[in-house]
file upload-v2.cif (mmCIF, N, CA and C atoms)
data_structure
#
loop_
_atom_site.label_atom_id
_atom_site.label_comp_id
_atom_site.auth_asym_id
_atom_site.auth_seq_id
_atom_site.Cartn_x
_atom_site.Cartn_y
_atom_site.Cartn_z
N GLN A 278 0.85 -1.19 0.00
CA GLN A 278 0.00 0.00 0.00
C GLN A 278 0.89 1.24 0.00
N VAL A 279 0.57 2.19 -0.89
CA VAL A 279 1.35 3.42 -1.01
C VAL A 279 0.54 4.57 -0.49
N HIS A 280 1.11 5.30 0.44
CA HIS A 280 0.45 6.48 0.99
C HIS A 280 1.42 7.65 0.97
N LEU A 281 0.92 8.80 0.53
CA LEU A 281 1.67 10.03 0.56
C LEU A 281 0.79 11.09 1.22
N VAL A 282 1.32 11.76 2.24
CA VAL A 282 0.53 12.76 2.97
C VAL A 282 1.34 14.03 3.09
N GLU A 283 0.86 15.08 2.42
CA GLU A 283 1.54 16.38 2.46
C GLU A 283 1.03 17.22 3.63
N SER A 284 1.88 18.12 4.08
CA SER A 284 1.49 19.08 5.11
C SER A 284 2.40 20.30 5.01
N GLY A 285 2.00 21.36 5.71
CA GLY A 285 2.84 22.55 5.78
C GLY A 285 2.36 23.74 4.98
N GLY A 286 1.34 23.56 4.17
CA GLY A 286 0.84 24.68 3.39
C GLY A 286 0.21 25.75 4.29
N ALA A 287 0.26 27.01 3.82
CA ALA A 287 -0.26 28.11 4.62
C ALA A 287 -0.37 29.36 3.77
N LEU A 288 -0.90 30.40 4.38
CA LEU A 288 -0.90 31.73 3.78
C LEU A 288 0.37 32.44 4.24
N VAL A 289 1.11 32.98 3.28
CA VAL A 289 2.38 33.63 3.61
C VAL A 289 2.51 34.89 2.76
N GLN A 290 3.21 35.88 3.28
CA GLN A 290 3.41 37.13 2.54
C GLN A 290 4.50 36.96 1.50
N PRO A 291 4.45 37.75 0.43
CA PRO A 291 5.54 37.71 -0.56
C PRO A 291 6.89 37.93 0.12
N GLY A 292 7.87 37.14 -0.32
CA GLY A 292 9.20 37.20 0.28
C GLY A 292 9.37 36.26 1.46
N GLY A 293 8.29 35.66 1.91
CA GLY A 293 8.35 34.75 3.04
C GLY A 293 8.82 33.36 2.68
N SER A 294 8.81 32.49 3.69
CA SER A 294 9.29 31.12 3.52
C SER A 294 8.28 30.13 4.10
N LEU A 295 8.29 28.93 3.54
CA LEU A 295 7.51 27.81 4.05
C LEU A 295 8.29 26.54 3.82
N ARG A 296 8.04 25.54 4.67
CA ARG A 296 8.58 24.21 4.42
C ARG A 296 7.43 23.22 4.35
N LEU A 297 7.32 22.57 3.21
CA LEU A 297 6.32 21.52 3.03
C LEU A 297 6.94 20.17 3.35
N SER A 298 6.10 19.28 3.85
CA SER A 298 6.53 17.92 4.15
C SER A 298 5.64 16.92 3.43
N CYS A 299 6.21 15.80 3.07
CA CYS A 299 5.44 14.70 2.48
C CYS A 299 5.90 13.42 3.15
N ALA A 300 5.01 12.85 3.95
CA ALA A 300 5.30 11.58 4.62
C ALA A 300 4.86 10.44 3.71
N ALA A 301 5.77 9.52 3.48
CA ALA A 301 5.50 8.41 2.57
C ALA A 301 5.55 7.07 3.30
N SER A 302 4.81 6.11 2.77
CA SER A 302 4.88 4.78 3.35
C SER A 302 6.25 4.18 3.05
N GLU A 303 6.74 3.40 4.01
CA GLU A 303 8.10 2.87 3.91
C GLU A 303 8.27 1.98 2.69
N THR A 304 7.20 1.41 2.23
CA THR A 304 7.25 0.52 1.07
C THR A 304 7.93 1.18 -0.12
N VAL A 305 7.65 2.46 -0.32
CA VAL A 305 8.12 3.11 -1.53
C VAL A 305 9.29 4.03 -1.30
N PHE A 306 9.45 4.51 -0.07
CA PHE A 306 10.29 5.68 0.08
C PHE A 306 11.76 5.42 -0.20
N ARG A 307 12.31 4.37 0.38
CA ARG A 307 13.76 4.26 0.46
C ARG A 307 14.43 4.17 -0.91
N PHE A 308 13.76 3.55 -1.88
CA PHE A 308 14.41 3.30 -3.17
C PHE A 308 13.84 4.13 -4.31
N ASN A 309 12.91 5.01 -3.98
CA ASN A 309 12.21 5.72 -5.03
C ASN A 309 12.62 7.17 -5.16
N ASN A 310 12.55 7.66 -6.40
CA ASN A 310 12.60 9.09 -6.61
C ASN A 310 11.31 9.70 -6.06
N MET A 311 11.43 10.89 -5.51
CA MET A 311 10.28 11.61 -4.99
C MET A 311 10.22 12.99 -5.66
N ALA A 312 9.02 13.46 -5.92
CA ALA A 312 8.88 14.73 -6.63
C ALA A 312 7.78 15.59 -6.03
N TRP A 313 7.93 16.88 -6.23
CA TRP A 313 6.88 17.85 -5.90
C TRP A 313 6.34 18.44 -7.20
N TYR A 314 5.03 18.57 -7.24
CA TYR A 314 4.34 19.24 -8.33
C TYR A 314 3.44 20.31 -7.71
N ARG A 315 2.92 21.19 -8.55
CA ARG A 315 1.96 22.18 -8.06
C ARG A 315 0.92 22.48 -9.15
N GLN A 316 -0.23 22.91 -8.69
CA GLN A 316 -1.30 23.27 -9.63
C GLN A 316 -1.97 24.54 -9.14
N ALA A 317 -1.83 25.58 -9.96
CA ALA A 317 -2.46 26.87 -9.66
C ALA A 317 -3.88 26.87 -10.23
N PRO A 318 -4.75 27.72 -9.70
CA PRO A 318 -6.13 27.77 -10.20
C PRO A 318 -6.17 28.04 -11.70
N GLY A 319 -6.92 27.21 -12.42
CA GLY A 319 -7.08 27.39 -13.85
C GLY A 319 -5.89 26.97 -14.69
N LYS A 320 -4.89 26.36 -14.07
CA LYS A 320 -3.70 25.95 -14.81
C LYS A 320 -3.48 24.45 -14.66
N GLU A 321 -2.64 23.91 -15.54
CA GLU A 321 -2.29 22.50 -15.46
C GLU A 321 -1.27 22.27 -14.35
N ARG A 322 -1.28 21.04 -13.85
CA ARG A 322 -0.30 20.67 -12.84
C ARG A 322 1.09 20.72 -13.46
N GLU A 323 2.06 21.29 -12.73
CA GLU A 323 3.40 21.40 -13.25
C GLU A 323 4.42 20.84 -12.26
N TRP A 324 5.49 20.31 -12.83
CA TRP A 324 6.58 19.75 -12.03
C TRP A 324 7.37 20.87 -11.37
N VAL A 325 7.77 20.66 -10.11
CA VAL A 325 8.54 21.65 -9.37
C VAL A 325 9.96 21.16 -9.09
N ALA A 326 10.09 19.95 -8.55
CA ALA A 326 11.42 19.47 -8.16
C ALA A 326 11.37 17.97 -7.97
N THR A 327 12.54 17.33 -8.13
CA THR A 327 12.69 15.89 -7.93
C THR A 327 13.95 15.63 -7.13
N ILE A 328 13.90 14.62 -6.27
CA ILE A 328 15.09 14.12 -5.59
C ILE A 328 15.13 12.61 -5.80
N THR A 329 16.30 12.11 -6.22
CA THR A 329 16.44 10.68 -6.44
C THR A 329 16.73 9.96 -5.12
N SER A 330 16.74 8.64 -5.20
CA SER A 330 17.09 7.86 -4.01
C SER A 330 18.53 8.12 -3.61
N GLY A 331 19.34 8.55 -4.56
CA GLY A 331 20.72 8.90 -4.27
C GLY A 331 20.93 10.36 -3.96
N THR A 332 19.82 11.10 -3.77
CA THR A 332 19.77 12.51 -3.37
C THR A 332 20.24 13.50 -4.44
N THR A 333 20.25 13.09 -5.69
CA THR A 333 20.44 14.05 -6.78
C THR A 333 19.15 14.84 -6.92
N THR A 334 19.29 16.16 -7.11
CA THR A 334 18.11 17.02 -7.18
C THR A 334 18.03 17.74 -8.52
N ASN A 335 16.79 18.03 -8.92
CA ASN A 335 16.54 18.83 -10.12
C ASN A 335 15.36 19.75 -9.84
N TYR A 336 15.38 20.92 -10.48
CA TYR A 336 14.37 21.93 -10.21
C TYR A 336 13.85 22.55 -11.51
N ALA A 337 12.59 22.95 -11.47
CA ALA A 337 12.05 23.77 -12.55
C ALA A 337 12.74 25.12 -12.53
N ASP A 338 12.89 25.71 -13.68
CA ASP A 338 13.57 27.01 -13.77
C ASP A 338 12.89 28.08 -12.91
N SER A 339 11.58 27.97 -12.79
CA SER A 339 10.81 28.99 -12.07
C SER A 339 11.10 29.00 -10.57
N VAL A 340 11.66 27.91 -10.04
CA VAL A 340 11.92 27.84 -8.59
C VAL A 340 13.39 27.68 -8.26
N LYS A 341 14.21 27.50 -9.27
CA LYS A 341 15.63 27.26 -9.05
C LYS A 341 16.25 28.42 -8.28
N GLY A 342 17.01 28.09 -7.24
CA GLY A 342 17.63 29.12 -6.42
C GLY A 342 16.77 29.59 -5.27
N ARG A 343 15.48 29.24 -5.29
CA ARG A 343 14.58 29.66 -4.21
C ARG A 343 14.05 28.46 -3.41
N PHE A 344 13.85 27.34 -4.07
CA PHE A 344 13.31 26.14 -3.44
C PHE A 344 14.41 25.09 -3.29
N THR A 345 14.30 24.30 -2.22
CA THR A 345 15.24 23.20 -2.00
C THR A 345 14.46 21.95 -1.60
N ILE A 346 14.66 20.87 -2.35
CA ILE A 346 14.05 19.59 -2.03
C ILE A 346 15.07 18.74 -1.27
N SER A 347 14.60 18.03 -0.26
CA SER A 347 15.49 17.17 0.51
C SER A 347 14.68 15.98 1.03
N ARG A 348 15.39 14.98 1.54
CA ARG A 348 14.69 13.80 2.05
C ARG A 348 15.36 13.31 3.31
N ASP A 349 14.55 12.73 4.18
CA ASP A 349 15.04 12.11 5.41
C ASP A 349 14.61 10.65 5.35
N ASN A 350 15.54 9.78 5.02
CA ASN A 350 15.19 8.37 4.85
C ASN A 350 14.77 7.72 6.16
N ALA A 351 15.30 8.19 7.27
CA ALA A 351 14.92 7.61 8.56
C ALA A 351 13.46 7.91 8.90
N GLU A 352 12.97 9.06 8.39
CA GLU A 352 11.59 9.47 8.67
C GLU A 352 10.65 9.21 7.50
N ASN A 353 11.18 8.66 6.40
CA ASN A 353 10.36 8.43 5.19
C ASN A 353 9.64 9.71 4.77
N THR A 354 10.36 10.81 4.79
CA THR A 354 9.76 12.11 4.52
C THR A 354 10.60 12.89 3.51
N VAL A 355 9.91 13.55 2.60
CA VAL A 355 10.57 14.46 1.67
C VAL A 355 10.07 15.86 1.97
N TYR A 356 10.96 16.83 1.85
CA TYR A 356 10.65 18.21 2.19
C TYR A 356 10.82 19.11 0.98
N LEU A 357 10.12 20.24 1.02
CA LEU A 357 10.33 21.29 0.04
C LEU A 357 10.43 22.60 0.81
N GLN A 358 11.66 23.09 0.92
CA GLN A 358 11.90 24.39 1.55
C GLN A 358 11.71 25.46 0.49
N MET A 359 10.80 26.38 0.75
CA MET A 359 10.47 27.41 -0.23
C MET A 359 10.80 28.78 0.36
N ASN A 360 11.72 29.47 -0.26
CA ASN A 360 12.14 30.81 0.19
C ASN A 360 11.80 31.84 -0.88
N SER A 361 11.83 33.10 -0.48
CA SER A 361 11.56 34.21 -1.40
C SER A 361 10.29 33.96 -2.20
N LEU A 362 9.24 33.59 -1.51
CA LEU A 362 7.99 33.22 -2.18
C LEU A 362 7.37 34.40 -2.91
N LYS A 363 6.76 34.09 -4.04
CA LYS A 363 6.12 35.10 -4.89
C LYS A 363 4.63 34.77 -5.03
N PRO A 364 3.81 35.75 -5.35
CA PRO A 364 2.39 35.45 -5.56
C PRO A 364 2.16 34.36 -6.60
N GLU A 365 3.01 34.27 -7.60
CA GLU A 365 2.84 33.24 -8.63
C GLU A 365 3.20 31.84 -8.14
N ASP A 366 3.70 31.73 -6.91
CA ASP A 366 3.92 30.40 -6.32
C ASP A 366 2.64 29.85 -5.69
N THR A 367 1.59 30.66 -5.65
CA THR A 367 0.32 30.22 -5.09
C THR A 367 -0.21 29.03 -5.87
N ALA A 368 -0.48 27.93 -5.17
CA ALA A 368 -0.93 26.70 -5.81
C ALA A 368 -1.20 25.64 -4.75
N VAL A 369 -1.82 24.57 -5.17
CA VAL A 369 -1.85 23.35 -4.36
C VAL A 369 -0.60 22.55 -4.72
N TYR A 370 0.16 22.17 -3.71
CA TYR A 370 1.40 21.44 -3.91
C TYR A 370 1.17 19.97 -3.60
N TYR A 371 1.64 19.12 -4.53
CA TYR A 371 1.45 17.68 -4.43
C TYR A 371 2.80 16.96 -4.41
N CYS A 372 2.83 15.91 -3.66
CA CYS A 372 3.96 14.98 -3.63
C CYS A 372 3.63 13.81 -4.54
N LYS A 373 4.62 13.31 -5.25
CA LYS A 373 4.38 12.22 -6.18
C LYS A 373 5.54 11.24 -6.18
N THR A 374 5.20 9.95 -6.36
CA THR A 374 6.22 8.96 -6.62
C THR A 374 5.68 7.94 -7.61
N VAL A 375 6.56 7.13 -8.15
CA VAL A 375 6.17 6.07 -9.07
C VAL A 375 6.59 4.75 -8.44
N TYR A 376 5.66 3.81 -8.39
CA TYR A 376 5.94 2.51 -7.78
C TYR A 376 5.31 1.44 -8.64
N ARG A 377 6.12 0.52 -9.07
CA ARG A 377 5.66 -0.55 -9.96
C ARG A 377 4.89 0.02 -11.14
N PHE A 378 5.47 1.05 -11.74
CA PHE A 378 4.98 1.68 -12.97
C PHE A 378 3.70 2.47 -12.80
N LEU A 379 3.26 2.66 -11.56
CA LEU A 379 2.06 3.44 -11.30
C LEU A 379 2.43 4.75 -10.59
N ASN A 380 1.71 5.83 -10.95
CA ASN A 380 1.91 7.10 -10.28
C ASN A 380 1.06 7.17 -9.02
N TYR A 381 1.67 7.65 -7.95
CA TYR A 381 0.95 7.85 -6.69
C TYR A 381 1.09 9.31 -6.26
N TRP A 382 -0.03 9.88 -5.86
CA TRP A 382 -0.09 11.29 -5.48
C TRP A 382 -0.64 11.43 -4.07
N GLY A 383 -0.18 12.46 -3.39
CA GLY A 383 -0.81 12.82 -2.14
C GLY A 383 -2.06 13.65 -2.39
N GLN A 384 -2.68 14.10 -1.31
CA GLN A 384 -3.94 14.84 -1.44
C GLN A 384 -3.70 16.31 -1.70
N GLY A 385 -2.47 16.78 -1.51
CA GLY A 385 -2.12 18.17 -1.76
C GLY A 385 -2.21 19.05 -0.52
N THR A 386 -1.45 20.14 -0.57
CA THR A 386 -1.48 21.12 0.51
C THR A 386 -1.45 22.52 -0.13
N GLN A 387 -2.32 23.41 0.35
CA GLN A 387 -2.49 24.72 -0.28
C GLN A 387 -1.44 25.70 0.21
N VAL A 388 -0.78 26.34 -0.74
CA VAL A 388 0.15 27.44 -0.45
C VAL A 388 -0.41 28.69 -1.11
N THR A 389 -0.61 29.72 -0.31
CA THR A 389 -1.10 31.00 -0.83
C THR A 389 -0.11 32.09 -0.45
N VAL A 390 0.37 32.80 -1.47
CA VAL A 390 1.33 33.88 -1.25
C VAL A 390 0.62 35.19 -1.57
N SER A 391 0.35 35.96 -0.54
CA SER A 391 -0.42 37.18 -0.72
C SER A 391 -0.18 38.13 0.45
N SER A 392 -0.24 39.42 0.14
CA SER A 392 -0.12 40.41 1.20
C SER A 392 -1.50 40.82 1.71
#
call {"tool": "encode", "arguments": {"input": "upload-v2.cif", "output": "structure tokens"}}
result
Amino acid sequence: QVHLVESGGALVQPGGSLRLSCAASETVFRFNNMAWYRQAPGKEREWVATITSGTTTNYADSVKGRFTISRDNAENTVYLQMNSLKPEDTAVYYCKTVYRFLNYWGQGTQVTVSS
């Protein structure tokens, strides 16, 4: 059974910071790549960042230099540290992994950047 549960979303002012968490079931976490996606109102879901099981990271150009993805294998948790937040970062943020060729998503956590 694969479970992904995001948390940490909130209302934050422009320029602020948030850290999102995604707790994953142990079945998938240790050997899997983990990714964050986001979906803004009226837009398609877009990829934000990925971390491999070997901790190699990749980022979308729109967040590079501001967001940092990391993982804690002991806690089966992946994080997304978001700094210098902008109004255009407002979206529902989702955690995703692939297990046995199937995509698994969390329920999402809302991030709103507004003054």
call {"tool": "resolve_selection", "arguments": {"input": "upload-v2.cif", "expression": "the PyMOL selection byres ((chain A and resi 354) around 7)", "output": "VMD selection string"}}
result
chain A and resid 298 to 301 306 347 to 353 355 to 356
call {"tool": "resolve_selection", "arguments": {"input": "upload-v2.cif", "expression": "the PyMOL selection byres ((chain A and resi 382-387) around 7)", "output": "ChimeraX atom specification"}}
result
/A:280-288,368-374,380-381,388-389
call {"tool": "select_by_dssp", "arguments": {"input": "upload-v2.cif", "residues": "chain A", "states": "helix (DSSP H, G or I)", "output": "PyMOL selection string"}}
result
chain A and resi 303-306+364-366
call {"tool": "write_last_selection", "arguments": {"input": "upload-v2.cif", "atoms": "N, CA and C atoms", "output": "PDB file, in the frame of the given file"}}
result
ATOM      1  N   GLU A 303       6.740   3.400   4.010  1.00  0.00           N
ATOM      2  CA  GLU A 303       8.100   2.870   3.910  1.00  0.00           C
ATOM      3  C   GLU A 303       8.270   1.980   2.690  1.00  0.00           C
ATOM      4  N   THR A 304       7.200   1.410   2.230  1.00  0.00           N
ATOM      5  CA  THR A 304       7.250   0.520   1.070  1.00  0.00           C
ATOM      6  C   THR A 304       7.930   1.180  -0.120  1.00  0.00           C
ATOM      7  N   VAL A 305       7.650   2.460  -0.320  1.00  0.00           N
ATOM      8  CA  VAL A 305       8.120   3.110  -1.530  1.00  0.00           C
ATOM      9  C   VAL A 305       9.290   4.030  -1.300  1.00  0.00           C
ATOM     10  N   PHE A 306       9.450   4.510  -0.070  1.00  0.00           N
ATOM     11  CA  PHE A 306      10.290   5.680   0.080  1.00  0.00           C
ATOM     12  C   PHE A 306      11.760   5.420  -0.200  1.00  0.00           C
ATOM     13  N   PRO A 364       3.810  35.750  -5.350  1.00  0.00           N
ATOM     14  CA  PRO A 364       2.390  35.450  -5.560  1.00  0.00           C
ATOM     15  C   PRO A 364       2.160  34.360  -6.600  1.00  0.00           C
ATOM     16  N   GLU A 365       3.010  34.270  -7.600  1.00  0.00           N
ATOM     17  CA  GLU A 365       2.840  33.240  -8.630  1.00  0.00           C
ATOM     18  C   GLU A 365       3.200  31.840  -8.140  1.00  0.00           C
ATOM     19  N   ASP A 366       3.700  31.730  -6.910  1.00  0.00           N
ATOM     20  CA  ASP A 366       3.920  30.400  -6.320  1.00  0.00           C
ATOM     21  C   ASP A 366       2.640  29.850  -5.690  1.00  0.00           C
TER      22      ASP A 366
END
call {"tool": "resolve_selection", "arguments": {"input": "upload-v2.cif", "expression": "the PyMOL selection byres ((chain A and resi 324-336) around 8)", "output": "list in words"}}
result
Phe306, Arg307, Phe308, Asn309, Asn310, Met311, Ala312, Trp313, Tyr314, Arg315, Gln316, Glu321, Arg322, Glu323, Ala337, Asp338, Ser339, Val340, Lys341, Gly342, Phe344, Thr345, Ile346, Ser347 and Arg348 of chain A
call {"tool": "closest_residue", "arguments": {"input": "upload-v2.cif", "among": "A:Val390, A:Glu303, A:Gly319, A:Arg377", "to": "Met359 (chain A)", "atoms": "only C-alpha atoms"}}
result
A:Val390
call {"tool": "atom_distance", "arguments": {"input": "upload-v2.cif", "atom1": "atom N of Phe378 (chain A)", "atom2": "CA of Leu357 (chain A)"}}
result
23.9 Å
call {"tool": "atom_distance", "arguments": {"input": "upload-v2.cif", "atom1": "CA of Ser361 (chain A)", "atom2": "CA of Lys320 (chain A)"}}
result
21.9 Å
call {"tool": "atom_distance", "arguments": {"input": "upload-v2.cif", "atom1": "CA of Arg296 (chain A)", "atom2": "CA of Thr367 (chain A)"}}
result
14.0 Å
call {"tool": "select_by_dssp", "arguments": {"input": "upload-v2.cif", "residues": "region 349-379 of chain A", "states": "strand (DSSP E or B)", "output": "ChimeraX atom specification"}}
result
/A:349,354-359,368-376,379
call {"tool": "write_last_selection", "arguments": {"input": "upload-v2.cif", "atoms": "N, CA and C atoms", "output": "mmCIF file, in the coordinates of the input"}}
result
data_model
loop_
_atom_site.group_PDB
_atom_site.id
_atom_site.type_symbol
_atom_site.label_atom_id
_atom_site.label_comp_id
_atom_site.auth_asym_id
_atom_site.auth_seq_id
_atom_site.Cartn_x
_atom_site.Cartn_y
_atom_site.Cartn_z
ATOM 1 N N ASP A 349 14.550 12.730 4.180
ATOM 2 C CA ASP A 349 15.040 12.110 5.410
ATOM 3 C C ASP A 349 14.610 10.650 5.350
ATOM 4 N N THR A 354 10.360 10.810 4.790
ATOM 5 C CA THR A 354 9.760 12.110 4.520
ATOM 6 C C THR A 354 10.600 12.890 3.510
ATOM 7 N N VAL A 355 9.910 13.550 2.600
ATOM 8 C CA VAL A 355 10.570 14.460 1.670
ATOM 9 C C VAL A 355 10.070 15.860 1.970
ATOM 10 N N TYR A 356 10.960 16.830 1.850
ATOM 11 C CA TYR A 356 10.650 18.210 2.190
ATOM 12 C C TYR A 356 10.820 19.110 0.980
ATOM 13 N N LEU A 357 10.120 20.240 1.020
ATOM 14 C CA LEU A 357 10.330 21.290 0.040
ATOM 15 C C LEU A 357 10.430 22.600 0.810
ATOM 16 N N GLN A 358 11.660 23.090 0.920
ATOM 17 C CA GLN A 358 11.900 24.390 1.550
ATOM 18 C C GLN A 358 11.710 25.460 0.490
ATOM 19 N N MET A 359 10.800 26.380 0.750
ATOM 20 C CA MET A 359 10.470 27.410 -0.230
ATOM 21 C C MET A 359 10.800 28.780 0.360
ATOM 22 N N ALA A 368 -0.480 27.930 -5.170
ATOM 23 C CA ALA A 368 -0.930 26.700 -5.810
ATOM 24 C C ALA A 368 -1.200 25.640 -4.750
ATOM 25 N N VAL A 369 -1.820 24.570 -5.170
ATOM 26 C CA VAL A 369 -1.850 23.350 -4.360
ATOM 27 C C VAL A 369 -0.600 22.550 -4.720
ATOM 28 N N TYR A 370 0.160 22.170 -3.710
ATOM 29 C CA TYR A 370 1.400 21.440 -3.910
ATOM 30 C C TYR A 370 1.170 19.970 -3.600
ATOM 31 N N TYR A 371 1.640 19.120 -4.530
ATOM 32 C CA TYR A 371 1.450 17.680 -4.430
ATOM 33 C C TYR A 371 2.800 16.960 -4.410
ATOM 34 N N CYS A 372 2.830 15.910 -3.660
ATOM 35 C CA CYS A 372 3.960 14.980 -3.630
ATOM 36 C C CYS A 372 3.630 13.810 -4.540
ATOM 37 N N LYS A 373 4.620 13.310 -5.250
ATOM 38 C CA LYS A 373 4.380 12.220 -6.180
ATOM 39 C C LYS A 373 5.540 11.240 -6.180
ATOM 40 N N THR A 374 5.200 9.950 -6.360
ATOM 41 C CA THR A 374 6.220 8.960 -6.620
ATOM 42 C C THR A 374 5.680 7.940 -7.610
ATOM 43 N N VAL A 375 6.560 7.130 -8.150
ATOM 44 C CA VAL A 375 6.170 6.070 -9.070
ATOM 45 C C VAL A 375 6.590 4.750 -8.440
ATOM 46 N N TYR A 376 5.660 3.810 -8.390
ATOM 47 C CA TYR A 376 5.940 2.510 -7.780
ATOM 48 C C TYR A 376 5.310 1.440 -8.640
ATOM 49 N N LEU A 379 3.260 2.660 -11.560
ATOM 50 C CA LEU A 379 2.060 3.440 -11.300
ATOM 51 C C LEU A 379 2.430 4.750 -10.590
#
call {"tool": "closest_residue", "arguments": {"input": "upload-v2.cif", "among": "A:Ser392, A:Gln278, A:Asn360, A:Gln290", "to": "Tyr376 (chain A)", "atoms": "only C-alpha atoms"}}
result
A:Gln278
call {"tool": "axis_aligned_box", "arguments": {"input": "upload-v2.cif", "around": "region 301-313 of chain A", "padding_each_side": "5 Å", "output": "AutoDock Vina command-line options"}}
result
--center_x 9.6 --center_y 9.5 --center_z -1.6 --size_x 19.6 --size_y 27.9 --size_z 21.2
call {"tool": "decode", "arguments": {"input": "upload-v2.cif", "residues": "region 330-368 of chain A", "atoms": "C-alpha atoms", "output": "CSV table (one decimal), in the first residue's frame"}}
result
chain,number,residue,atom,x,y,z
A,330,SER,CA,17.1,7.9,-4.0
A,331,GLY,CA,20.7,8.9,-4.3
A,332,THR,CA,19.8,12.5,-3.4
A,333,THR,CA,20.4,14.0,-6.8
A,334,THR,CA,18.1,17.0,-7.2
A,335,ASN,CA,16.5,18.8,-10.1
A,336,TYR,CA,14.4,21.9,-10.2
A,337,ALA,CA,12.0,23.8,-12.6
A,338,ASP,CA,13.6,27.0,-13.8
A,339,SER,CA,10.8,29.0,-12.1
A,340,VAL,CA,11.9,27.8,-8.6
A,341,LYS,CA,15.6,27.3,-9.0
A,342,GLY,CA,17.6,29.1,-6.4
A,343,ARG,CA,14.6,29.7,-4.2
A,344,PHE,CA,13.3,26.1,-3.4
A,345,THR,CA,15.2,23.2,-2.0
A,346,ILE,CA,14.1,19.6,-2.0
A,347,SER,CA,15.5,17.2,0.5
A,348,ARG,CA,14.7,13.8,2.1
A,349,ASP,CA,15.0,12.1,5.4
A,350,ASN,CA,15.2,8.4,4.9
A,351,ALA,CA,14.9,7.6,8.6
A,352,GLU,CA,11.6,9.5,8.7
A,353,ASN,CA,10.4,8.4,5.2
A,354,THR,CA,9.8,12.1,4.5
A,355,VAL,CA,10.6,14.5,1.7
A,356,TYR,CA,10.7,18.2,2.2
A,357,LEU,CA,10.3,21.3,0.0
A,358,GLN,CA,11.9,24.4,1.6
A,359,MET,CA,10.5,27.4,-0.2
A,360,ASN,CA,12.1,30.8,0.2
A,361,SER,CA,11.6,34.2,-1.4
A,362,LEU,CA,8.0,33.2,-2.2
A,363,LYS,CA,6.1,35.1,-4.9
A,364,PRO,CA,2.4,35.4,-5.6
A,365,GLU,CA,2.8,33.2,-8.6
A,366,ASP,CA,3.9,30.4,-6.3
A,367,THR,CA,0.3,30.2,-5.1
A,368,ALA,CA,-0.9,26.7,-5.8
